[in-house]
Structures are given as structure tokens and as C-alpha cells.
$ cat input03.pdb   # PDB, C-alpha atoms, pLDDT in the B column
MODEL        1
ATOM      1  CA  MET L   1      31.963 -14.236 -26.366  1.00 57.00           C
ATOM      2  CA  ALA L   2      31.260 -14.846 -30.023  1.00 69.00           C
ATOM      3  CA  ASP L   3      28.521 -12.854 -31.687  1.00 78.00           C
ATOM      4  CA  THR L   4      25.266 -14.726 -32.179  1.00 79.00           C
ATOM      5  CA  LYS L   5      22.547 -13.907 -34.669  1.00 83.00           C
ATOM      6  CA  ILE L   6      19.219 -12.972 -33.088  1.00 80.00           C
ATOM      7  CA  SER L   7      17.563 -15.767 -35.063  1.00 82.00           C
ATOM      8  CA  ALA L   8      19.850 -18.272 -33.355  1.00 84.00           C
ATOM      9  CA  LEU L   9      18.871 -17.237 -29.820  1.00 82.00           C
ATOM     10  CA  PRO L  10      16.390 -19.384 -27.868  1.00 84.00           C
ATOM     11  CA  ALA L  11      12.803 -18.161 -27.929  1.00 83.00           C
ATOM     12  CA  SER L  12      11.593 -16.032 -25.037  1.00 79.00           C
ATOM     13  CA  THR L  13       8.829 -17.002 -22.657  1.00 76.00           C
ATOM     14  CA  THR L  14       5.440 -15.758 -23.860  1.00 77.00           C
ATOM     15  CA  PRO L  15       4.091 -13.612 -22.352  1.00 78.00           C
ATOM     16  CA  LEU L  16       7.143 -11.824 -20.974  1.00 79.00           C
ATOM     17  CA  ALA L  17       7.388 -11.568 -17.206  1.00 82.00           C
ATOM     18  CA  GLY L  18       8.660  -7.974 -17.376  1.00 82.00           C
ATOM     19  CA  THR L  19      11.839  -8.738 -15.426  1.00 86.00           C
ATOM     20  CA  GLU L  20      13.849  -9.525 -18.560  1.00 85.00           C
ATOM     21  CA  VAL L  21      16.575  -6.957 -19.314  1.00 87.00           C
ATOM     22  CA  LEU L  22      17.747  -5.283 -22.498  1.00 86.00           C
ATOM     23  CA  PRO L  23      20.863  -3.192 -23.166  1.00 87.00           C
ATOM     24  CA  ILE L  24      20.378   0.485 -23.970  1.00 88.00           C
ATOM     25  CA  VAL L  25      22.793   3.366 -24.507  1.00 88.00           C
ATOM     26  CA  GLN L  26      22.127   6.249 -22.136  1.00 86.00           C
ATOM     27  CA  SER L  27      24.478   9.239 -21.964  1.00 90.00           C
ATOM     28  CA  SER L  28      27.067   7.299 -24.011  1.00 90.00           C
ATOM     29  CA  THR L  29      27.010   4.431 -21.490  1.00 91.00           C
ATOM     30  CA  THR L  30      25.502   1.006 -22.077  1.00 90.00           C
ATOM     31  CA  ARG L  31      23.039   0.202 -19.330  1.00 88.00           C
ATOM     32  CA  GLN L  32      20.445  -2.465 -18.665  1.00 89.00           C
ATOM     33  CA  VAL L  33      16.716  -1.799 -18.457  1.00 88.00           C
ATOM     34  CA  SER L  34      13.898  -4.208 -17.675  1.00 87.00           C
ATOM     35  CA  VAL L  35      11.166  -4.875 -20.212  1.00 82.00           C
ATOM     36  CA  ALA L  36       8.601  -3.562 -17.721  1.00 83.00           C
ATOM     37  CA  ASN L  37      10.410  -0.219 -17.468  1.00 82.00           C
ATOM     38  CA  LEU L  38      10.335   0.386 -21.205  1.00 80.00           C
ATOM     39  CA  THR L  39       6.671   1.461 -21.168  1.00 74.00           C
ATOM     40  CA  ALA L  40       5.998   2.182 -17.475  1.00 75.00           C
ATOM     41  CA  GLY L  41       4.344   5.591 -17.122  1.00 75.00           C
ATOM     42  CA  ARG L  42       4.637   6.391 -20.819  1.00 77.00           C
ATOM     43  CA  ALA L  43       1.849   7.243 -23.239  1.00 79.00           C
ATOM     44  CA  ILE L  44       1.216   4.736 -26.000  1.00 79.00           C
ATOM     45  CA  SER L  45       0.706   5.959 -29.548  1.00 80.00           C
ATOM     46  CA  ALA L  46      -0.661   3.475 -32.071  1.00 80.00           C
ATOM     47  CA  THR L  47      -2.878   3.390 -35.143  1.00 85.00           C
ATOM     48  CA  ALA L  48      -5.045   0.727 -33.487  1.00 85.00           C
ATOM     49  CA  VAL L  49      -5.039  -1.320 -30.293  1.00 84.00           C
ATOM     50  CA  THR L  50      -6.703  -4.718 -30.037  1.00 86.00           C
ATOM     51  CA  ALA L  51      -7.260  -6.687 -26.850  1.00 84.00           C
ATOM     52  CA  SER L  52      -7.290 -10.301 -27.963  1.00 85.00           C
ATOM     53  CA  THR L  53      -7.937 -11.394 -24.370  1.00 86.00           C
ATOM     54  CA  GLY L  54      -8.986  -9.417 -21.310  1.00 88.00           C
ATOM     55  CA  ASN L  55     -10.334  -5.870 -21.141  1.00 89.00           C
ATOM     56  CA  PHE L  56      -9.063  -2.331 -21.437  1.00 86.00           C
ATOM     57  CA  ILE L  57      -8.973  -1.168 -17.813  1.00 88.00           C
ATOM     58  CA  VAL L  58      -9.012   2.455 -16.674  1.00 88.00           C
ATOM     59  CA  GLY L  59      -6.454   2.683 -13.877  1.00 85.00           C
ATOM     60  CA  THR L  60      -7.341   6.148 -12.509  1.00 88.00           C
ATOM     61  CA  ALA L  61     -10.766   7.439 -11.474  1.00 87.00           C
ATOM     62  CA  GLY L  62     -12.092  10.180 -13.738  1.00 87.00           C
ATOM     63  CA  GLN L  63     -10.137   8.975 -16.773  1.00 90.00           C
ATOM     64  CA  GLY L  64     -11.719   7.351 -19.812  1.00 91.00           C
ATOM     65  CA  VAL L  65     -12.022   7.698 -23.579  1.00 90.00           C
ATOM     66  CA  ASP L  66     -11.310  11.232 -24.823  1.00 90.00           C
ATOM     67  CA  PHE L  67     -13.209  12.275 -27.969  1.00 89.00           C
ATOM     68  CA  SER L  68     -11.817  15.829 -28.115  1.00 88.00           C
ATOM     69  CA  ILE L  69     -10.153  15.076 -31.480  1.00 86.00           C
ATOM     70  CA  ASN L  70     -13.649  15.365 -32.987  1.00 85.00           C
ATOM     71  CA  PRO L  71     -15.216  18.780 -33.736  1.00 84.00           C
ATOM     72  CA  ALA L  72     -17.190  19.980 -30.716  1.00 82.00           C
ATOM     73  CA  ALA L  73     -20.649  21.527 -30.845  1.00 83.00           C
ATOM     74  CA  PRO L  74     -21.109  25.029 -29.365  1.00 87.00           C
ATOM     75  CA  GLY L  75     -21.392  24.912 -25.596  1.00 85.00           C
ATOM     76  CA  VAL L  76     -19.707  21.544 -25.156  1.00 85.00           C
ATOM     77  CA  VAL L  77     -18.222  21.149 -21.665  1.00 83.00           C
ATOM     78  CA  SER L  78     -16.676  17.688 -21.951  1.00 86.00           C
ATOM     79  CA  GLU L  79     -15.839  15.061 -24.546  1.00 89.00           C
ATOM     80  CA  LEU L  80     -14.581  12.500 -22.046  1.00 90.00           C
ATOM     81  CA  LEU L  81     -16.502   9.254 -21.573  1.00 90.00           C
ATOM     82  CA  ASP L  82     -15.397   8.320 -18.080  1.00 90.00           C
ATOM     83  CA  ASP L  83     -18.152   6.066 -16.754  1.00 89.00           C
ATOM     84  CA  TYR L  84     -20.279   3.133 -17.839  1.00 92.00           C
ATOM     85  CA  GLU L  85     -22.142   0.651 -15.721  1.00 92.00           C
ATOM     86  CA  GLU L  86     -25.154  -1.626 -15.671  1.00 94.00           C
ATOM     87  CA  GLY L  87     -27.011  -2.713 -12.583  1.00 94.00           C
ATOM     88  CA  THR L  88     -30.223  -3.453 -10.769  1.00 95.00           C
ATOM     89  CA  TRP L  89     -32.145  -1.528  -8.134  1.00 93.00           C
ATOM     90  CA  THR L  90     -35.269  -2.019  -6.051  1.00 95.00           C
ATOM     91  CA  PRO L  91     -38.060   0.515  -6.693  1.00 93.00           C
ATOM     92  CA  ILE L  92     -40.548   1.362  -3.964  1.00 94.00           C
ATOM     93  CA  LEU L  93     -43.808   3.293  -3.942  1.00 93.00           C
ATOM     94  CA  THR L  94     -43.373   6.054  -1.389  1.00 93.00           C
ATOM     95  CA  THR L  95     -44.272   9.659  -0.511  1.00 94.00           C
ATOM     96  CA  THR L  96     -42.589  12.969   0.306  1.00 92.00           C
ATOM     97  CA  GLY L  97     -44.348  13.131   3.679  1.00 94.00           C
ATOM     98  CA  THR L  98     -45.668  10.458   5.992  1.00 96.00           C
ATOM     99  CA  ASP L  99     -45.325   7.170   4.157  1.00 96.00           C
ATOM    100  CA  PHE L 100     -48.015   4.596   3.412  1.00 94.00           C
ATOM    101  CA  THR L 101     -48.886   2.322   6.308  1.00 95.00           C
ATOM    102  CA  SER L 102     -47.949  -0.652   4.122  1.00 94.00           C
ATOM    103  CA  VAL L 103     -47.379  -1.620   0.499  1.00 93.00           C
ATOM    104  CA  THR L 104     -47.435  -5.217  -0.713  1.00 93.00           C
ATOM    105  CA  TYR L 105     -45.735  -5.888  -4.057  1.00 92.00           C
ATOM    106  CA  ALA L 106     -46.610  -8.520  -6.643  1.00 91.00           C
ATOM    107  CA  ALA L 107     -43.685  -7.292  -8.792  1.00 90.00           C
ATOM    108  CA  GLN L 108     -40.812  -5.018  -7.826  1.00 92.00           C
ATOM    109  CA  THR L 109     -37.913  -4.925 -10.270  1.00 92.00           C
ATOM    110  CA  GLY L 110     -35.528  -2.294 -11.606  1.00 91.00           C
ATOM    111  CA  GLU L 111     -32.586  -2.144 -14.006  1.00 91.00           C
ATOM    112  CA  TYR L 112     -30.388   0.731 -15.184  1.00 89.00           C
ATOM    113  CA  VAL L 113     -27.612   1.621 -17.607  1.00 89.00           C
ATOM    114  CA  LYS L 114     -25.329   4.592 -16.858  1.00 88.00           C
ATOM    115  CA  ILE L 115     -23.448   6.087 -19.823  1.00 87.00           C
ATOM    116  CA  GLY L 116     -21.478   9.096 -18.683  1.00 84.00           C
ATOM    117  CA  GLN L 117     -24.031  11.354 -17.007  1.00 78.00           C
ATOM    118  CA  ALA L 118     -27.090   9.769 -18.620  1.00 79.00           C
ATOM    119  CA  ILE L 119     -29.094   7.279 -16.589  1.00 80.00           C
ATOM    120  CA  TYR L 120     -31.482   5.041 -18.483  1.00 82.00           C
ATOM    121  CA  TYR L 121     -33.607   3.183 -16.015  1.00 83.00           C
ATOM    122  CA  TYR L 122     -36.434   0.690 -16.215  1.00 84.00           C
ATOM    123  CA  PHE L 123     -38.650  -0.388 -13.389  1.00 87.00           C
ATOM    124  CA  GLN L 124     -41.866  -2.207 -12.747  1.00 89.00           C
ATOM    125  CA  ILE L 125     -43.896  -1.863  -9.603  1.00 89.00           C
ATOM    126  CA  THR L 126     -47.065  -3.910  -9.309  1.00 89.00           C
ATOM    127  CA  THR L 127     -48.821  -3.656  -5.975  1.00 89.00           C
ATOM    128  CA  SER L 128     -51.295  -6.196  -4.701  1.00 89.00           C
ATOM    129  CA  ALA L 129     -52.305  -4.092  -1.697  1.00 89.00           C
ATOM    130  CA  VAL L 130     -51.730  -0.544  -0.471  1.00 90.00           C
ATOM    131  CA  THR L 131     -52.798   0.675   2.954  1.00 91.00           C
ATOM    132  CA  ILE L 132     -52.785   4.464   2.750  1.00 91.00           C
ATOM    133  CA  GLY L 133     -53.347   5.080   6.454  1.00 92.00           C
ATOM    134  CA  ALA L 134     -52.134   8.560   7.500  1.00 95.00           C
ATOM    135  CA  ALA L 135     -49.923   9.010   4.409  1.00 95.00           C
ATOM    136  CA  THR L 136     -49.320  12.593   3.272  1.00 95.00           C
ATOM    137  CA  GLY L 137     -47.424  14.422   0.556  1.00 94.00           C
ATOM    138  CA  ASP L 138     -46.701  13.658  -3.074  1.00 93.00           C
ATOM    139  CA  VAL L 139     -46.436  10.108  -4.373  1.00 93.00           C
ATOM    140  CA  GLY L 140     -43.341   8.885  -6.151  1.00 91.00           C
ATOM    141  CA  VAL L 141     -40.888   6.108  -6.791  1.00 91.00           C
ATOM    142  CA  GLY L 142     -37.970   5.755  -4.394  1.00 91.00           C
ATOM    143  CA  GLY L 143     -34.726   3.824  -4.549  1.00 90.00           C
ATOM    144  CA  LEU L 144     -33.432   5.274  -7.843  1.00 85.00           C
ATOM    145  CA  PRO L 145     -29.767   4.339  -8.407  1.00 83.00           C
ATOM    146  CA  PHE L 146     -28.387   7.934  -8.447  1.00 80.00           C
ATOM    147  CA  GLY L 147     -29.287  11.457  -7.442  1.00 73.00           C
ATOM    148  CA  THR L 148     -29.206  14.119 -10.152  1.00 60.00           C
ATOM    149  CA  GLY L 149     -26.674  16.334  -8.397  1.00 60.00           C
ATOM    150  CA  GLY L 150     -28.598  19.468  -9.399  1.00 58.00           C
ATOM    151  CA  GLY L 151     -31.576  20.787 -11.336  1.00 57.00           C
ATOM    152  CA  GLU L 152     -34.711  18.910 -12.256  1.00 63.00           C
ATOM    153  CA  THR L 153     -35.272  16.317 -14.944  1.00 73.00           C
ATOM    154  CA  THR L 154     -38.530  14.838 -16.147  1.00 76.00           C
ATOM    155  CA  SER L 155     -38.935  11.398 -17.679  1.00 80.00           C
ATOM    156  CA  TYR L 156     -42.006  10.115 -19.430  1.00 81.00           C
ATOM    157  CA  LEU L 157     -43.327   6.700 -18.533  1.00 83.00           C
ATOM    158  CA  SER L 158     -46.221   4.346 -19.035  1.00 85.00           C
ATOM    159  CA  ALA L 159     -48.518   3.278 -16.238  1.00 87.00           C
ATOM    160  CA  SER L 160     -51.762   1.403 -15.719  1.00 85.00           C
ATOM    161  CA  GLY L 161     -53.992   0.028 -13.005  1.00 82.00           C
ATOM    162  CA  TRP L 162     -54.633   3.326 -11.182  1.00 83.00           C
ATOM    163  CA  VAL L 163     -58.107   4.214  -9.960  1.00 78.00           C
ATOM    164  CA  LEU L 164     -57.516   7.920 -10.696  1.00 82.00           C
ATOM    165  CA  ASN L 165     -55.050  10.082 -12.588  1.00 87.00           C
ATOM    166  CA  ILE L 166     -52.752   7.590 -14.303  1.00 88.00           C
ATOM    167  CA  PRO L 167     -49.120   8.825 -14.071  1.00 89.00           C
ATOM    168  CA  SER L 168     -47.670  10.189 -17.312  1.00 88.00           C
ATOM    169  CA  SER L 169     -44.228  11.277 -16.116  1.00 86.00           C
ATOM    170  CA  ALA L 170     -41.818  11.230 -13.200  1.00 85.00           C
ATOM    171  CA  GLU L 171     -39.996  14.353 -12.058  1.00 83.00           C
ATOM    172  CA  LYS L 172     -36.516  13.833 -10.621  1.00 79.00           C
ATOM    173  CA  ARG L 173     -35.418  16.776  -8.491  1.00 73.00           C
ATOM    174  CA  GLY L 174     -31.830  17.845  -7.886  1.00 68.00           C
ATOM    175  CA  GLY L 175     -29.519  16.733  -5.133  1.00 67.00           C
ATOM    176  CA  ALA L 176     -28.495  13.394  -3.729  1.00 71.00           C
ATOM    177  CA  GLN L 177     -32.040  12.179  -3.064  1.00 76.00           C
ATOM    178  CA  THR L 178     -33.161   9.158  -5.089  1.00 83.00           C
ATOM    179  CA  PHE L 179     -36.881   9.887  -5.304  1.00 86.00           C
ATOM    180  CA  ALA L 180     -38.953  10.812  -8.372  1.00 87.00           C
ATOM    181  CA  ARG L 181     -42.397  12.391  -8.023  1.00 89.00           C
ATOM    182  CA  LEU L 182     -45.115  10.814 -10.129  1.00 91.00           C
ATOM    183  CA  LYS L 183     -47.104  13.333 -12.155  1.00 90.00           C
ATOM    184  CA  TYR L 184     -50.226  13.284 -14.318  1.00 89.00           C
ATOM    185  CA  ARG L 185     -51.946  15.687 -16.691  1.00 85.00           C
ATOM    186  CA  ALA L 186     -54.972  17.343 -15.096  1.00 80.00           C
ATOM    187  CA  THR L 187     -56.427  18.036 -18.559  1.00 75.00           C
ATOM    188  CA  ALA L 188     -55.707  16.664 -22.022  1.00 70.00           C
ATOM    189  CA  ASN L 189     -53.169  19.367 -22.907  1.00 72.00           C
ATOM    190  CA  GLY L 190     -52.647  20.929 -19.514  1.00 76.00           C
ATOM    191  CA  ALA L 191     -49.702  21.109 -17.156  1.00 83.00           C
ATOM    192  CA  THR L 192     -48.708  18.097 -15.121  1.00 86.00           C
ATOM    193  CA  VAL L 193     -49.725  17.849 -11.482  1.00 91.00           C
ATOM    194  CA  ASN L 194     -48.031  16.007  -8.634  1.00 92.00           C
ATOM    195  CA  MET L 195     -49.806  12.825  -7.587  1.00 91.00           C
ATOM    196  CA  ALA L 196     -51.301  12.833  -4.107  1.00 92.00           C
ATOM    197  CA  VAL L 197     -51.790   9.867  -1.811  1.00 91.00           C
ATOM    198  CA  THR L 198     -55.507   9.991  -2.579  1.00 88.00           C
ATOM    199  CA  ASP L 199     -54.662   9.077  -6.193  1.00 88.00           C
ATOM    200  CA  VAL L 200     -53.372   5.671  -5.104  1.00 87.00           C
ATOM    201  CA  SER L 201     -55.713   2.711  -5.055  1.00 78.00           C
ATOM    202  CA  THR L 202     -55.574  -0.261  -2.709  1.00 73.00           C
ATOM    203  CA  GLY L 203     -55.325  -2.583  -5.685  1.00 73.00           C
ATOM    204  CA  THR L 204     -52.831  -2.941  -8.519  1.00 74.00           C
ATOM    205  CA  ASN L 205     -50.552  -0.127  -9.687  1.00 81.00           C
ATOM    206  CA  GLU L 206     -48.076  -0.682 -12.505  1.00 83.00           C
ATOM    207  CA  ILE L 207     -45.368   1.747 -13.608  1.00 84.00           C
ATOM    208  CA  LEU L 208     -42.650   1.441 -16.260  1.00 79.00           C
ATOM    209  CA  GLY L 209     -39.634   3.141 -17.730  1.00 74.00           C
ATOM    210  CA  CYS L 210     -37.598   6.504 -17.515  1.00 71.00           C
ATOM    211  CA  LEU L 211     -34.471   8.531 -18.336  1.00 65.00           C
ATOM    212  CA  TYR L 212     -32.661  11.228 -16.412  1.00 64.00           C
ATOM    213  CA  ILE L 213     -29.346  13.083 -16.413  1.00 61.00           C
ATOM    214  CA  VAL L 214     -26.867  13.061 -13.546  1.00 60.00           C
ATOM    215  CA  ARG L 215     -24.968  16.348 -13.282  1.00 55.00           C
ATOM    216  CA  SER L 216     -22.534  15.111 -10.654  1.00 49.00           C
ATOM    217  CA  VAL L 217     -22.028  11.736  -8.965  1.00 44.00           C
TER     218      VAL L 217
ENDMDL
END

$ encode --input "input03.pdb" --output "C-alpha cells"
Amino acid sequence: MADTKISALPASTTPLAGTEVLPIVQSSTTRQVSVANLTAGRAISATAVTASTGNFIVGTAGQGVDFSINPAAPGVVSELLDDYEEGTWTPILTTTGTDFTSVTYAAQTGEYVKIGQAIYYYFQITTSAVTIGAATGDVGVGGLPFGTGGGETTSYLSASGWVLNIPSSAEKRGGAQTFARLKYRATANGATVNMAVTDVSTGTNEILGCLYIVRSV
């Protein structure tokens, strides 16, 4: 067969199917290899990678973008960004003991963004009626999208519409539970105190905003 210049060959199908074959020399023998096998399982090194269409997809859980090339601060335990998500959740007004007899909501919305182990969450609860009944324990917001996995974290929030002791923060305790206790300051500069069921009115309660850290998911 006469030699043919590459420029004289017919154009390939774009994009390639991956089944096309190329000749390679391996151990002094010319062999064929498919286009798909040229990069399968191999690391890619490039000065820049651009996705003109589609997304960059992580194929293995726990993998992500590794920033370890950058100088690390003392005490750093990871420089891998391996999770990002956005979503919605449904907040509820609840207690650590016997729950309220009933809660009627005029507004009940929640959104969150998870970046690595940081959870930024927004919620609004507006109640039109609360029947306390035999409720006991501390008052809080339930239905949070993640547990903390360990330790405690406190987020500051804004609230209004309470008869007594307007909440100033929400304490998220460790573990898989998805409940945050509402807290208020007993005095202007004093320590925060857990909200009790007697701090809840039968009218409108509005709560907004928070941030907490997930130590394991």
C-alpha cells in the first residue's frame, strides 16, 4: 500500500467514539490500541483544562479538588474540597421533650449551601398559631439538613414576634441529630440561656439565618 500523507486522509468523526485504533510500538512490536485506552486510568497533566460543554464530574466518592500545592496554615488537616451542594429543607418548631400539641405555619421555608464541611443555612418560620399543651424541654428548630458529627456549634440569627426572650442564637449539638436549640441572652451582656416552651407565644414567631460546621457526614 502506498504511503499517504496525513493531510490527505479523510477527516475523523468528531467527537471520537473511542473504538478507533492507532498503531504503537510496544516491546519492539507494532500493536494496535484503541483511542479510549490511551488515557483510561491515567492521570492527566495540563497547564489548563476547559470544559466547553458539560461539567467536570468526580467519579469516586471522597475525591475532589486538591489544594495541597498551596502553603498550608499550621494545624491544617485537609486541603481537599470534596463536596458542594445546594438544597432546600423544611424547618419545624419543636422541643427536646414532649412536643407542642400543634403548630400552624404561615411560612415555613429553608435553604442551604454545603461547601466542604461548612453548612450555610437560611430558614424562616412564621407561626400563626401554637398550642403548647403539655410540651416540655428546650425549644429549637428541627429538620436541619445535616448533623454536626461531633462537638457543638453556635450560629447567630435574627428573630422577631416573640412574647418573651427573643432568640439570639441557635446551638447545634454534635451527632447525627438535626435539631438546634434556640437560645437568648438573659441579660444584656450575660450568657445565653436555652429557650423553654413557656417562652413561645400562641401568635407569630419568626426566625432567620445560621451557619454551622459538619465534622463528619

$ atom_distance --input "input03.pdb" --atom1 "atom CA of Val141 of chain L" --atom2 "atom CA of Leu93 of chain L"
5.0 Å

$ atom_distance --input "input03.pdb" --atom1 "atom CA of Ser155 of chain L" --atom2 "atom CA of Trp89 of chain L"
17.4 Å

$ resolve_selection --input "input03.pdb" --expression "the PyMOL selection byres ((chain L and resi 35) around 9)" --output "ChimeraX atom specification"
/L:16-22,33-34,36-39

$ residues_around --input "input03.pdb" --residues "Pro145 of chain L" --least-positions-apart "3" --cutoff "12 Å" --atoms "all atoms listed in the file" --output "VMD selection string"
chain L and resid 85 to 91 110 to 114 118 to 123 141 to 142 148 172 176 to 180 211 to 214 217

$ closest_residue --input "input03.pdb" --among "L:Ser7, L:Thr187, L:Asn194, L:Thr131" --to "Phe100 of chain L" --atoms "all atoms listed in the file"
L:Thr131

$ atom_distance --input "input03.pdb" --atom1 "atom CA of Phe56 of chain L" --atom2 "atom CA of Ile44 of chain L"
13.3 Å

$ resolve_selection --input "input03.pdb" --expression "the PyMOL selection byres ((chain L and resi 135) around 10)" --output "list in words"
Thr94, Thr95, Thr96, Gly97, Thr98, Asp99, Phe100, Thr101, Ser102, Thr131, Ile132, Gly133, Ala134, Thr136, Gly137, Asp138, Val139, Ala196, Val197 and Thr198 of chain L

$ resolve_selection --input "input03.pdb" --expression "the PyMOL selection byres ((chain L and resi 170) around 6)" --output "PyMOL selection string"
chain L and resi 154-155+169+171+180-183

$ residues_near_point --input "input03.pdb" --point "(-51.6, 1.5, -17.8)" --cutoff "12 Å" --atoms "only C-alpha atoms" --output "PyMOL selection string"
chain L and resi 124-126+157-168+204-208

$ build_atoms --input "input03.pdb" --residues "segment 21-37 of chain L" --atoms "N, CA and C atoms" --output "short mmCIF file (atom, residue, chain, number, x, y, z; two decimals), keeping the file's coordinate frame"
data_model
loop_
_atom_site.label_atom_id
_atom_site.label_comp_id
_atom_site.auth_asym_id
_atom_site.auth_seq_id
_atom_site.Cartn_x
_atom_site.Cartn_y
_atom_site.Cartn_z
N VAL L 21 15.83 -8.20 -19.12
CA VAL L 21 16.58 -6.96 -19.31
C VAL L 21 17.09 -6.84 -20.74
N LEU L 22 17.22 -5.59 -21.18
CA LEU L 22 17.75 -5.28 -22.50
C LEU L 22 18.85 -4.24 -22.33
N PRO L 23 19.83 -4.24 -23.23
CA PRO L 23 20.86 -3.19 -23.17
C PRO L 23 20.39 -1.94 -23.89
N ILE L 24 20.66 -0.79 -23.31
CA ILE L 24 20.38 0.48 -23.97
C ILE L 24 21.59 1.40 -23.77
N VAL L 25 21.72 2.38 -24.65
CA VAL L 25 22.79 3.37 -24.51
C VAL L 25 22.18 4.64 -23.96
N GLN L 26 22.64 5.05 -22.79
CA GLN L 26 22.13 6.25 -22.14
C GLN L 26 23.31 7.11 -21.72
N SER L 27 23.35 8.32 -22.24
CA SER L 27 24.48 9.24 -21.96
C SER L 27 25.81 8.58 -22.30
N SER L 28 25.86 7.94 -23.48
CA SER L 28 27.07 7.30 -24.01
C SER L 28 27.52 6.08 -23.20
N THR L 29 26.68 5.60 -22.30
CA THR L 29 27.01 4.43 -21.49
C THR L 29 25.97 3.35 -21.70
N THR L 30 26.44 2.12 -21.91
CA THR L 30 25.50 1.01 -22.08
C THR L 30 24.98 0.58 -20.71
N ARG L 31 23.67 0.57 -20.60
CA ARG L 31 23.04 0.20 -19.33
C ARG L 31 21.98 -0.86 -19.59
N GLN L 32 21.51 -1.48 -18.53
CA GLN L 32 20.44 -2.46 -18.66
C GLN L 32 19.12 -1.85 -18.20
N VAL L 33 18.04 -2.26 -18.84
CA VAL L 33 16.72 -1.80 -18.46
C VAL L 33 15.76 -2.99 -18.57
N SER L 34 14.84 -3.09 -17.63
CA SER L 34 13.90 -4.21 -17.68
C SER L 34 12.83 -3.93 -18.72
N VAL L 35 12.24 -5.00 -19.23
CA VAL L 35 11.17 -4.88 -20.21
C VAL L 35 10.02 -4.05 -19.63
N ALA L 36 9.72 -4.27 -18.35
CA ALA L 36 8.60 -3.56 -17.72
C ALA L 36 8.85 -2.06 -17.69
N ASN L 37 10.10 -1.64 -17.56
CA ASN L 37 10.41 -0.22 -17.47
C ASN L 37 10.38 0.50 -18.81
#
